[in-house]
>>> print(open('run25.csv').read())   # CSV, C-alpha atoms
chain,number,residue,atom,x,y,z
A,9,MET,CA,98.6,92.4,97.0
A,10,VAL,CA,96.5,90.6,94.4
A,11,GLY,CA,97.7,87.3,93.0
A,12,PRO,CA,98.0,86.8,89.3
A,13,GLY,CA,95.7,83.8,89.3
A,14,THR,CA,93.0,85.9,90.9
A,15,LEU,CA,93.4,88.6,88.4
A,16,LEU,CA,93.2,86.1,85.6
A,17,ILE,CA,89.9,84.6,86.8
A,18,VAL,CA,88.4,88.0,87.5
A,19,GLY,CA,89.7,89.3,84.1
A,20,LEU,CA,88.3,86.3,82.2
A,21,ILE,CA,84.9,86.5,83.8
A,22,GLY,CA,84.4,90.3,84.1
A,23,GLY,CA,86.9,91.8,81.7
A,24,ILE,CA,89.7,94.2,82.1
A,25,GLY,CA,87.5,96.7,84.0
A,26,ALA,CA,86.6,94.2,86.6
A,27,ALA,CA,90.2,93.2,87.1
A,28,ALA,CA,91.3,96.9,87.5
A,29,THR,CA,88.4,97.5,89.9
A,30,TYR,CA,89.4,94.5,92.0
A,31,THR,CA,93.1,95.5,92.0
A,32,SER,CA,92.2,99.1,93.2
A,33,TYR,CA,89.8,97.7,95.8
A,34,ALA,CA,92.5,95.4,97.2
A,35,TYR,CA,95.0,98.3,97.3
A,36,ALA,CA,92.5,100.5,99.1
A,37,GLN,CA,91.8,97.8,101.7
A,38,GLN,CA,95.5,97.6,102.4
A,39,LYS,CA,96.3,101.4,102.6
A,40,GLY,CA,93.0,102.5,104.1
A,41,PRO,CA,93.9,102.1,107.8
A,42,GLU,CA,97.1,104.0,107.3
A,43,LEU,CA,95.3,107.0,105.8
A,44,THR,CA,92.7,106.9,108.4
A,45,LYS,CA,95.2,107.3,111.2
A,46,SER,CA,96.8,110.4,109.6
A,47,LEU,CA,93.5,112.0,108.8
A,48,LYS,CA,91.9,111.4,112.2
A,49,SER,CA,93.6,114.4,113.9
A,50,ASP,CA,92.8,116.7,110.9
A,51,LEU,CA,89.1,115.9,111.2
A,52,PHE,CA,88.7,116.8,114.9
A,53,PRO,CA,87.4,120.4,115.6
A,54,MET,CA,89.7,123.1,116.8
A,55,PRO,CA,89.5,124.2,120.5
A,56,PRO,CA,87.6,127.5,120.9
A,57,GLU,CA,90.8,129.4,121.7
A,58,GLU,CA,92.3,128.6,118.3
A,59,GLY,CA,89.4,128.9,115.9
A,60,PRO,CA,85.8,128.1,115.0
A,61,PRO,CA,84.5,124.6,115.5
A,62,LEU,CA,85.6,123.4,112.0
A,63,PRO,CA,88.0,120.6,111.2
A,64,ARG,CA,91.6,121.3,111.8
A,65,GLY,CA,92.5,120.3,108.3
A,66,LEU,CA,90.8,123.5,107.0
A,67,ASN,CA,93.3,125.6,109.0
A,68,ILE,CA,90.8,128.4,109.5
A,69,LYS,CA,91.7,130.6,112.5
A,70,TRP,CA,90.0,133.4,114.3
A,71,PRO,CA,90.8,136.8,113.0
A,72,GLY,CA,94.0,138.1,114.7
A,73,LYS,CA,95.3,134.5,115.4
A,74,LYS,CA,98.2,133.1,113.4
>>> encode(input="run25.csv", output="structure tokens")
Amino acid sequence: MVGPGTLLIVGLIGGIGAAATYTSYAYAQQKGPELTKSLKSDLFPMPPEEGPPLPRGLNIKWPGKK
């Protein structure tokens, strides 16, 4: 994660807001690729048999399909 020395330097120069922003940015850099893998399949469009060409994550089906 973020070292305490880095937070101290960023906090002294930029204040508490800058230290919090830096910490959240470092966390996002670490967790971003994991979230991208799980969301990738939800963003692909549905095949025409299942529903309209919208992302799968919306879960909108053609009328009459379950």
>>> atom_distance(input="run25.csv", atom1="CA of Leu51 in chain A", atom2="CA of Arg64 in chain A")
6.0 Å
>>> closest_residue(input="run25.csv", among="A:Tyr33, A:Glu57, A:Leu66, A:Gly25", to="Val10 in chain A", atoms="all atoms listed in the file")
A:Tyr33
>>> closest_residue(input="run25.csv", among="A:Ile68, A:Ala34, A:Val18, A:Ile24", to="Pro53 in chain A", atoms="only C-alpha atoms")
A:Ile68
>>> atom_distance(input="run25.csv", atom1="CA of Ala27 in chain A", atom2="CA of Thr14 in chain A")
8.7 Å
>>> atom_distance(input="run25.csv", atom1="CA of Ala28 in chain A", atom2="CA of Leu15 in chain A")
8.6 Å
>>> closest_residue(input="run25.csv", among="A:Gly19, A:Pro12, A:Gly72, A:Thr31", to="Gly59 in chain A", atoms="all atoms listed in the file")
A:Gly72
>>> residues_around(input="run25.csv", residues="Phe52 in chain A", least_positions_apart="6", cutoff="12 Å", atoms="all atoms listed in the file", output="PyMOL selection string")
chain A and resi 46+60-67
>>> build_atoms(input="run25.csv", residues="range 15-26 of chain A", atoms="all heavy atoms", output="compact mmCIF listing (two decimals), in the coordinates of the input")
# COMPACT_ATOMS: atom_id res chain seq x y z
N LEU A 15 93.63 87.66 89.42
CA LEU A 15 93.40 88.60 88.40
C LEU A 15 92.99 87.96 87.06
O LEU A 15 92.15 88.47 86.32
CB LEU A 15 94.66 89.48 88.12
CG LEU A 15 94.90 90.60 89.12
CD1 LEU A 15 96.18 91.34 88.77
CD2 LEU A 15 93.74 91.55 89.17
N LEU A 16 93.57 86.80 86.78
CA LEU A 16 93.20 86.10 85.60
C LEU A 16 91.76 85.63 85.58
O LEU A 16 91.03 85.83 84.61
CB LEU A 16 94.14 84.87 85.37
CG LEU A 16 93.87 84.01 84.15
CD1 LEU A 16 94.13 84.82 82.88
CD2 LEU A 16 94.73 82.77 84.17
N ILE A 17 91.33 85.07 86.71
CA ILE A 17 89.90 84.60 86.80
C ILE A 17 88.98 85.79 86.75
O ILE A 17 88.00 85.75 86.00
CB ILE A 17 89.76 83.82 88.13
CG1 ILE A 17 90.53 82.51 88.05
CG2 ILE A 17 88.28 83.55 88.40
CD1 ILE A 17 90.60 81.76 89.36
N VAL A 18 89.26 86.85 87.51
CA VAL A 18 88.40 88.00 87.50
C VAL A 18 88.39 88.66 86.10
O VAL A 18 87.35 89.08 85.58
CB VAL A 18 88.80 89.04 88.56
CG1 VAL A 18 88.05 90.35 88.42
CG2 VAL A 18 88.58 88.47 89.95
N GLY A 19 89.55 88.71 85.46
CA GLY A 19 89.70 89.30 84.10
C GLY A 19 88.91 88.48 83.08
O GLY A 19 88.29 89.05 82.18
N LEU A 20 88.96 87.16 83.17
CA LEU A 20 88.30 86.30 82.20
C LEU A 20 86.74 86.43 82.36
O LEU A 20 86.01 86.44 81.38
CB LEU A 20 88.69 84.87 82.33
CG LEU A 20 90.09 84.55 81.80
CD1 LEU A 20 90.44 83.10 82.13
CD2 LEU A 20 90.18 84.80 80.31
N ILE A 21 86.30 86.48 83.59
CA ILE A 21 84.90 86.50 83.80
C ILE A 21 84.30 87.94 83.61
O ILE A 21 83.29 88.11 82.93
CB ILE A 21 84.53 86.04 85.25
CG1 ILE A 21 84.87 84.56 85.37
CG2 ILE A 21 83.07 86.27 85.59
CD1 ILE A 21 84.78 84.01 86.76
N GLY A 22 84.96 88.94 84.15
CA GLY A 22 84.40 90.30 84.10
C GLY A 22 85.08 91.25 83.16
O GLY A 22 84.62 92.36 82.97
N GLY A 23 86.19 90.87 82.61
CA GLY A 23 86.90 91.80 81.70
C GLY A 23 87.96 92.57 82.38
O GLY A 23 88.20 92.46 83.58
N ILE A 24 88.61 93.42 81.60
CA ILE A 24 89.70 94.20 82.10
C ILE A 24 89.23 95.21 83.17
O ILE A 24 89.91 95.45 84.17
CB ILE A 24 90.41 94.96 80.96
CG1 ILE A 24 91.06 93.96 80.03
CG2 ILE A 24 91.44 95.95 81.49
CD1 ILE A 24 91.65 94.56 78.78
N GLY A 25 88.05 95.77 82.98
CA GLY A 25 87.50 96.70 84.00
C GLY A 25 87.32 96.10 85.32
O GLY A 25 87.61 96.71 86.34
N ALA A 26 86.81 94.89 85.34
CA ALA A 26 86.60 94.20 86.60
C ALA A 26 87.93 93.88 87.29
O ALA A 26 88.05 94.01 88.50
CB ALA A 26 85.80 92.92 86.39
